[in-house]
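S.K.: First the structure, which I've put down as structure tokens, then a few questions once you've had a look.
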Protein chains: 2
Amino acid sequence: MKYEVRFSGTGGQGIIRCAVLLAEAALYDGYFAAQSQVYGPESRGGSSQGEVVIKDTPIYYPKVKVPDVLLCLSQEAYNKYAPDIAADGLLICDSDFVQPDGREGETVRVCRLPMLEVARDELKNELSANVLALGVLVGLTDVVSDAAVHKALANNFNSKLLPLNLQAYQRGFQMARGQADK
Amino acid sequence: MKYEVRFSGTGGQGIIRCAVLLAEAALYDGYFAAQSQVYGPESRGGSSQGEVVIKDTPIYYPKVKVPDVLLCLSQEAYNKYAPDIAADGLLICDSDFVQPDGREGETVRVCRLPMLEVARDELKNELSANVLALGVLVGLTDVVSDAAVHKALANNFNSKLLPLNLQAYQRGFQMARGQADK
């Protein structure tokens with residue numbers, strides 16, 4: 001088993017934290033995981049990306065080659081990374097901020113949800129969009145267990161920030177399941 | 001130019017955040033940087049490590065092979081990673097929680113400082129030890145500029161947590177410079 005995920009968006013959206021959370025959750029589920037990001041001059045433009053590789057055997061090469069799942073919270077991130085998705089992969093993008101133009105390929109499953117809007121208007125905290133997006137990803141893929149994500153959240157947020165982030169995760173999870181039912 | 005850093009300690013010490021901050025600071029200084037961590041069954045025991053590679057050219061392999069600098073905030077981390085340090089490398093370890101036994105090699109420079117104690121007793125927040133340790137590292141090595149670290153801190157902490165973390169960074173920087181003067 002090998003599962004590759006890339007999170008992408010703009011700086012300040014908590015993209016790397018989101019990747020760290022998924023990698024930690026995978027660990028709690030008994031998998032091996034690698035999490036990485038490479039920073040270059042293009043990052044200074046404000047784009048941000050983080051990668052996670054999940055395997056059931058030790059990982060010697062920690063980079064994502066062909067993502068099974070790509071999350072895009074900005075158009076720039078979509079434009080850059082969408083062509084790399086696996087043919088049977090999943091693209092999750094913000095429905096307000098990303099307009100897919102087909103470059104991900106016809107066989108890729110596309111899920112568009114207003115993640116930034118729900119975080120801002122419903123949860124009253126735009127910074128929780130990253131954890132909401134993680135909930136969407138887990139709700140659609142089941143790549144890690146709900147219990148493992150809860151443990152990772154508890155390990156990464158202090159008691160003051162934890163309730164908001166649990167709520168954001170659960171809201172994202174619900175949005176994904178609602179989507180799947182349609 | 002290539003510079004490899006490994007941060008290590010126990011879970012909950014903010015080791016990964018510390019590595020992310022250094023990588024971001026390197027970016028602001030105009031370098032390329034890669035930041036990664038691999039999670040396996042041993043991570044479940046409570047140990048934590050994060051890696052940073054800094055170069056002045058693009059990075060295609062993001063893993064640390066022979067660290068120029070190793071930070072250890074726990075004995076377990078020291079025991080595991082100390083033998084890997086470069087012969088002319090630098091070992092930074094907590095003077096209360098790590099007892100070096102020479103396995104880092106005779107040519108390695110060793111800096112022992114009570115980082116966890118100062119964070120707990122002086123800054124009244126043990127969770128700031130990671131950023132204090134980053135200050136020690138930068139104070140000893142100048143691998144990134146002070147301005148770049150400030151920018152990375154501002155980008156990673158909200159306005160409520162930023163003052164404490166700036167203070168922790170500066171305290172660590174001072175401790176390193178005091179050490180260097182002795």
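Ligands are numbered from 1 in the order shown, residues from 1 within each chain, and chains are lettered A, B, ... in the order they appear in the structure tokens.
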Near A:Glu126, within 7 Å and counting only C-alpha atoms, which residues show up once chain neighbours fewer than 4 positions away are dropped, as an NGL selection string?

M.R.: :A and (116 or 119-120)

S.K.: Those residues you just picked out, can you put them in a file as an mmCIF file, in the first residue's frame with N, CA and C atoms?

M.R.:
data_model
loop_
_atom_site.group_PDB
_atom_site.id
_atom_site.type_symbol
_atom_site.label_atom_id
_atom_site.label_comp_id
_atom_site.auth_asym_id
_atom_site.auth_seq_id
_atom_site.Cartn_x
_atom_site.Cartn_y
_atom_site.Cartn_z
ATOM 1 N N LEU A 116 -13.226 27.524 2.182
ATOM 2 C CA LEU A 116 -12.797 28.789 2.800
ATOM 3 C C LEU A 116 -14.002 29.586 3.294
ATOM 4 N N ALA A 119 -15.391 28.010 6.522
ATOM 5 C CA ALA A 119 -14.497 28.309 7.647
ATOM 6 C C ALA A 119 -14.695 29.749 8.114
ATOM 7 N N ARG A 120 -14.800 30.640 7.157
ATOM 8 C CA ARG A 120 -14.904 32.061 7.505
ATOM 9 C C ARG A 120 -16.277 32.407 8.077
#

S.K.: Within stretch 39-177 of chain B, find each residue whose DSSP state, derived from the backbone, is helix (DSSP H, G or I), and express the selection as a PyMOL selection string.

M.R.: chain B and resi 41-45+75-84+115-122+126-141+146-156+162-177

S.K.: With C-alpha atoms retained, export the selected residues as a PDB file, in the first residue's frame.

M.R.:
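Dumped to part_23.pdb:
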ATOM      1  CA  PRO B  41       6.664   2.842  14.701  1.00  0.00           C
ATOM      2  CA  GLU B  42       9.494   4.345  16.770  1.00  0.00           C
ATOM      3  CA  SER B  43       7.758   7.753  16.658  1.00  0.00           C
ATOM      4  CA  ARG B  44       4.917   6.245  18.616  1.00  0.00           C
ATOM      5  CA  GLY B  45       7.301   5.810  21.525  1.00  0.00           C
ATOM      6  CA  GLN B  75      18.507  11.690  25.844  1.00  0.00           C
ATOM      7  CA  GLU B  76      16.790   9.201  23.572  1.00  0.00           C
ATOM      8  CA  ALA B  77      17.218  11.571  20.635  1.00  0.00           C
ATOM      9  CA  TYR B  78      20.893  12.061  21.489  1.00  0.00           C
ATOM     10  CA  ASN B  79      21.498   8.336  21.752  1.00  0.00           C
ATOM     11  CA  LYS B  80      19.931   7.768  18.383  1.00  0.00           C
ATOM     12  CA  TYR B  81      21.230  10.649  16.278  1.00  0.00           C
ATOM     13  CA  ALA B  82      24.538  11.798  17.794  1.00  0.00           C
ATOM     14  CA  PRO B  83      26.675   9.242  15.911  1.00  0.00           C
ATOM     15  CA  ASP B  84      25.517  10.741  12.591  1.00  0.00           C
ATOM     16  CA  MET B 115      16.993  25.428  27.224  1.00  0.00           C
ATOM     17  CA  LEU B 116      13.998  23.644  28.730  1.00  0.00           C
ATOM     18  CA  GLU B 117      14.622  25.154  32.160  1.00  0.00           C
ATOM     19  CA  VAL B 118      14.890  28.726  30.855  1.00  0.00           C
ATOM     20  CA  ALA B 119      11.714  28.276  28.800  1.00  0.00           C
ATOM     21  CA  ARG B 120       9.853  26.903  31.800  1.00  0.00           C
ATOM     22  CA  ASP B 121      11.167  29.117  34.592  1.00  0.00           C
ATOM     23  CA  GLU B 122      12.038  32.373  32.877  1.00  0.00           C
ATOM     24  CA  GLU B 126       7.887  25.208  28.427  1.00  0.00           C
ATOM     25  CA  LEU B 127       6.345  25.058  24.933  1.00  0.00           C
ATOM     26  CA  SER B 128       8.554  27.946  23.864  1.00  0.00           C
ATOM     27  CA  ALA B 129      11.690  25.820  24.267  1.00  0.00           C
ATOM     28  CA  ASN B 130      11.591  24.917  20.578  1.00  0.00           C
ATOM     29  CA  VAL B 131      11.835  28.546  19.471  1.00  0.00           C
ATOM     30  CA  LEU B 132      14.425  29.267  22.147  1.00  0.00           C
ATOM     31  CA  ALA B 133      16.458  26.374  20.741  1.00  0.00           C
ATOM     32  CA  LEU B 134      16.145  27.897  17.272  1.00  0.00           C
ATOM     33  CA  GLY B 135      17.580  31.108  18.715  1.00  0.00           C
ATOM     34  CA  VAL B 136      20.529  29.153  20.130  1.00  0.00           C
ATOM     35  CA  LEU B 137      21.132  27.527  16.768  1.00  0.00           C
ATOM     36  CA  VAL B 138      21.039  30.806  14.858  1.00  0.00           C
ATOM     37  CA  GLY B 139      23.131  32.566  17.512  1.00  0.00           C
ATOM     38  CA  LEU B 140      25.846  29.921  17.223  1.00  0.00           C
ATOM     39  CA  THR B 141      25.818  29.389  13.477  1.00  0.00           C
ATOM     40  CA  ASP B 146      17.954  37.445  12.387  1.00  0.00           C
ATOM     41  CA  ALA B 147      15.553  39.351  10.110  1.00  0.00           C
ATOM     42  CA  ALA B 148      14.587  36.184   8.264  1.00  0.00           C
ATOM     43  CA  VAL B 149      13.760  34.368  11.504  1.00  0.00           C
ATOM     44  CA  HIS B 150      11.638  37.283  12.664  1.00  0.00           C
ATOM     45  CA  LYS B 151       9.700  37.098   9.419  1.00  0.00           C
ATOM     46  CA  ALA B 152       9.213  33.345   9.765  1.00  0.00           C
ATOM     47  CA  LEU B 153       7.997  33.761  13.343  1.00  0.00           C
ATOM     48  CA  ALA B 154       5.539  36.454  12.286  1.00  0.00           C
ATOM     49  CA  ASN B 155       4.256  34.156   9.548  1.00  0.00           C
ATOM     50  CA  ASN B 156       3.776  31.188  11.878  1.00  0.00           C
ATOM     51  CA  LEU B 162       4.084  36.068  18.607  1.00  0.00           C
ATOM     52  CA  PRO B 163       5.469  38.184  21.491  1.00  0.00           C
ATOM     53  CA  LEU B 164       6.312  35.111  23.600  1.00  0.00           C
ATOM     54  CA  ASN B 165       7.973  33.432  20.670  1.00  0.00           C
ATOM     55  CA  LEU B 166       9.997  36.489  19.708  1.00  0.00           C
ATOM     56  CA  GLN B 167      11.146  36.676  23.309  1.00  0.00           C
ATOM     57  CA  ALA B 168      12.041  32.977  23.345  1.00  0.00           C
ATOM     58  CA  TYR B 169      13.998  33.341  20.117  1.00  0.00           C
ATOM     59  CA  GLN B 170      15.921  36.349  21.400  1.00  0.00           C
ATOM     60  CA  ARG B 171      16.653  34.661  24.733  1.00  0.00           C
ATOM     61  CA  GLY B 172      18.061  31.639  22.926  1.00  0.00           C
ATOM     62  CA  PHE B 173      20.133  33.857  20.652  1.00  0.00           C
ATOM     63  CA  GLN B 174      21.582  35.645  23.708  1.00  0.00           C
ATOM     64  CA  MET B 175      22.355  32.365  25.463  1.00  0.00           C
ATOM     65  CA  ALA B 176      24.283  31.249  22.400  1.00  0.00           C
ATOM     66  CA  ARG B 177      26.274  34.456  22.174  1.00  0.00           C
TER      67      ARG B 177
END

S.K.: Once you count only C-alpha atoms, what closest atom pair and distance in Å to one decimal does each residue of chain B within 10 Å of chain A have, with rows by chain and rising residue number, as CSV?

M.R.:
residue,atom,partner,partner_atom,distance
B:Gly11,CA,A:Asn155,CA,8.4
B:Gly12,CA,A:Asn155,CA,6.9
B:Gly14,CA,A:Asn156,CA,8.7
B:Ile16,CA,A:Val20,CA,8.6
B:Arg17,CA,A:Arg17,CA,8.8
B:Val20,CA,A:Ile16,CA,8.6
B:Ala23,CA,A:Tyr39,CA,7.4
B:Glu24,CA,A:Tyr39,CA,7.3
B:Ala26,CA,A:Tyr39,CA,8.7
B:Leu27,CA,A:Tyr39,CA,6.3
B:Tyr28,CA,A:Arg44,CA,7.3
B:Gly30,CA,A:Pro41,CA,7.1
B:Tyr31,CA,A:Gly40,CA,7.1
B:Phe32,CA,A:Gly40,CA,4.7
B:Ala33,CA,A:Tyr39,CA,4.9
B:Ala34,CA,A:Val38,CA,4.2
B:Gln35,CA,A:Gln37,CA,5.4
B:Ser36,CA,A:Ser36,CA,3.9
B:Gln37,CA,A:Gln35,CA,5.4
B:Val38,CA,A:Ala34,CA,4.2
B:Tyr39,CA,A:Ala33,CA,4.9
B:Gly40,CA,A:Phe32,CA,4.8
B:Pro41,CA,A:Gly30,CA,7.1
B:Glu42,CA,A:Leu27,CA,9.8
B:Ser43,CA,A:Leu27,CA,7.9
B:Arg44,CA,A:Tyr28,CA,7.4
B:Gly50,CA,A:Ser36,CA,9.5
B:Glu51,CA,A:Ser36,CA,9.1
B:Val52,CA,A:Val38,CA,9.6
B:Val53,CA,A:Val38,CA,9.2
B:Ile54,CA,A:Tyr39,CA,9.3
B:Lys55,CA,A:Gly40,CA,9.9
B:Asp56,CA,A:Gly40,CA,9.7
B:Thr57,CA,A:Gly40,CA,9.0
B:Pro58,CA,A:Gly40,CA,7.1
B:Ile59,CA,A:Val38,CA,7.5
B:Tyr60,CA,A:Val38,CA,8.8
B:Tyr61,CA,A:Lys63,CA,8.5
B:Pro62,CA,A:Val38,CA,7.3
B:Lys63,CA,A:Pro62,CA,8.0
B:Asn155,CA,A:Gly12,CA,6.9
B:Asn156,CA,A:Gly12,CA,7.7
B:Phe157,CA,A:Gly12,CA,9.9

S.K.: Quick check, in Å to one decimal: how far apart do atom CA of A:Arg112 and atom CA of A:Asp94 lie?

M.R.: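 Separation of atom CA of A:Arg112 and atom CA of A:Asp94: 5.6 Å.
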
S.K.: Within 7 Å of B:Arg109, counting only C-alpha atoms, which residues show up once you throw out same-chain ones fewer than 3 positions away? Write them as a list in words, please.

M.R.: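 With the cut-off at 7 Å, the set is Gly89, Leu90 and Leu91 of chain B.
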
S.K.: Dump N, CA, C and O atoms for the selected residues as a PDB file, in the first residue's frame?

M.R.:
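Output below, filename result.pdb:
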ATOM      1  N   GLY B  89      30.966  19.029  12.840  1.00  0.00           N
ATOM      2  CA  GLY B  89      29.616  19.505  13.127  1.00  0.00           C
ATOM      3  C   GLY B  89      29.458  20.081  14.522  1.00  0.00           C
ATOM      4  O   GLY B  89      30.417  20.172  15.302  1.00  0.00           O
ATOM      5  N   LEU B  90      28.217  20.461  14.785  1.00  0.00           N
ATOM      6  CA  LEU B  90      27.858  21.098  16.057  1.00  0.00           C
ATOM      7  C   LEU B  90      26.707  20.338  16.695  1.00  0.00           C
ATOM      8  O   LEU B  90      25.691  20.082  16.041  1.00  0.00           O
ATOM      9  N   LEU B  91      26.883  19.978  17.960  1.00  0.00           N
ATOM     10  CA  LEU B  91      25.815  19.337  18.727  1.00  0.00           C
ATOM     11  C   LEU B  91      25.300  20.327  19.755  1.00  0.00           C
ATOM     12  O   LEU B  91      26.076  20.860  20.548  1.00  0.00           O
TER      13      LEU B  91
END

S.K.: Grab the atom CA of A:Asn125 to atom CA of A:Val98 distance for me, in Å with one decimal place.

M.R.: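 Answer for the atom CA of A:Asn125 to atom CA of A:Val98 separation: 19.9 Å.
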
S.K.: As an MDAnalysis selection string, which residues of stretch 4-172 of chain B does DSSP assign to strand (DSSP E or B)?

M.R.: chainID B and resid 4:10 32:39 47:55 69:72 90:94 109:113

S.K.: Using N, CA and C atoms, can you export the residues from the last selection as a short mmCIF file (atom, residue, chain, number, x, y, z; two decimals), in the first residue's frame?

M.R.:
data_model
loop_
_atom_site.label_atom_id
_atom_site.label_comp_id
_atom_site.auth_asym_id
_atom_site.auth_seq_id
_atom_site.Cartn_x
_atom_site.Cartn_y
_atom_site.Cartn_z
N GLU B 4 23.00 21.05 6.52
CA GLU B 4 21.99 20.09 6.95
C GLU B 4 21.78 20.17 8.47
N VAL B 5 20.53 20.25 8.88
CA VAL B 5 20.22 20.38 10.30
C VAL B 5 19.18 19.34 10.70
N ARG B 6 19.41 18.71 11.83
CA ARG B 6 18.38 17.81 12.37
C ARG B 6 17.98 18.29 13.77
N PHE B 7 16.67 18.40 13.98
CA PHE B 7 16.11 18.75 15.28
C PHE B 7 15.52 17.47 15.87
N SER B 8 15.79 17.21 17.14
CA SER B 8 15.23 15.98 17.71
C SER B 8 14.89 16.16 19.18
N GLY B 9 13.91 15.40 19.61
CA GLY B 9 13.46 15.47 21.01
C GLY B 9 12.29 14.54 21.20
N THR B 10 11.38 14.93 22.07
CA THR B 10 10.21 14.08 22.30
C THR B 10 8.96 14.76 21.72
N PHE B 32 17.40 28.00 -1.09
CA PHE B 32 16.44 26.92 -1.26
C PHE B 32 16.46 26.11 0.04
N ALA B 33 15.33 25.57 0.43
CA ALA B 33 15.28 24.78 1.65
C ALA B 33 14.32 23.62 1.48
N ALA B 34 14.59 22.53 2.18
CA ALA B 34 13.67 21.40 2.20
C ALA B 34 13.49 20.99 3.64
N GLN B 35 12.28 20.67 4.00
CA GLN B 35 12.00 20.32 5.38
C GLN B 35 11.20 19.03 5.36
N SER B 36 11.58 18.07 6.17
CA SER B 36 10.87 16.79 6.14
C SER B 36 10.95 16.06 7.47
N GLN B 37 10.01 15.14 7.64
CA GLN B 37 10.08 14.19 8.75
C GLN B 37 9.49 12.88 8.30
N VAL B 38 10.06 11.82 8.83
CA VAL B 38 9.55 10.50 8.53
C VAL B 38 9.02 9.91 9.83
N TYR B 39 7.82 9.37 9.76
CA TYR B 39 7.19 8.80 10.94
C TYR B 39 7.16 7.28 10.80
N SER B 47 9.30 9.80 20.53
CA SER B 47 10.40 10.59 19.98
C SER B 47 9.94 11.35 18.75
N SER B 48 10.61 12.44 18.46
CA SER B 48 10.20 13.31 17.36
C SER B 48 11.45 13.86 16.70
N GLN B 49 11.44 13.96 15.38
CA GLN B 49 12.57 14.58 14.70
C GLN B 49 12.11 15.26 13.43
N GLY B 50 12.79 16.33 13.08
CA GLY B 50 12.50 17.05 11.86
C GLY B 50 13.81 17.47 11.22
N GLU B 51 13.84 17.51 9.91
CA GLU B 51 15.08 17.78 9.20
C GLU B 51 14.96 19.01 8.31
N VAL B 52 16.07 19.69 8.12
CA VAL B 52 16.11 20.82 7.19
C VAL B 52 17.38 20.74 6.37
N VAL B 53 17.23 20.88 5.07
CA VAL B 53 18.38 21.01 4.18
C VAL B 53 18.32 22.42 3.58
N ILE B 54 19.43 23.14 3.65
CA ILE B 54 19.50 24.50 3.10
C ILE B 54 20.60 24.53 2.04
N LYS B 55 20.26 25.03 0.88
CA LYS B 55 21.25 25.10 -0.21
C LYS B 55 21.10 26.41 -0.97
N VAL B 69 24.47 20.35 11.93
CA VAL B 69 24.02 20.70 13.28
C VAL B 69 22.97 19.69 13.73
N LEU B 70 23.11 19.23 14.96
CA LEU B 70 22.09 18.36 15.55
C LEU B 70 21.64 18.99 16.86
N LEU B 71 20.33 19.19 16.98
CA LEU B 71 19.75 19.65 18.24
C LEU B 71 19.10 18.46 18.94
N CYS B 72 19.41 18.26 20.20
CA CYS B 72 18.78 17.17 20.96
C CYS B 72 18.16 17.71 22.23
N LEU B 90 28.22 20.46 14.79
CA LEU B 90 27.86 21.10 16.06
C LEU B 90 26.71 20.34 16.69
N LEU B 91 26.88 19.98 17.96
CA LEU B 91 25.81 19.34 18.73
C LEU B 91 25.30 20.33 19.76
N ILE B 92 23.99 20.61 19.71
CA ILE B 92 23.37 21.49 20.70
C ILE B 92 22.44 20.63 21.53
N CYS B 93 22.68 20.53 22.82
CA CYS B 93 21.76 19.71 23.61
C CYS B 93 21.39 20.36 24.93
N ASP B 94 20.25 19.93 25.42
CA ASP B 94 19.77 20.46 26.69
C ASP B 94 20.66 19.93 27.80
N ARG B 109 31.86 19.90 17.93
CA ARG B 109 31.71 20.96 18.94
C ARG B 109 30.39 20.71 19.70
N VAL B 110 30.46 20.77 21.02
CA VAL B 110 29.27 20.49 21.82
C VAL B 110 28.86 21.73 22.60
N CYS B 111 27.59 22.10 22.49
CA CYS B 111 27.07 23.22 23.24
C CYS B 111 25.91 22.74 24.11
N ARG B 112 26.09 22.82 25.42
CA ARG B 112 25.04 22.37 26.34
C ARG B 112 24.45 23.56 27.07
N LEU B 113 23.16 23.74 26.94
CA LEU B 113 22.49 24.89 27.57
C LEU B 113 21.16 24.43 28.18
#
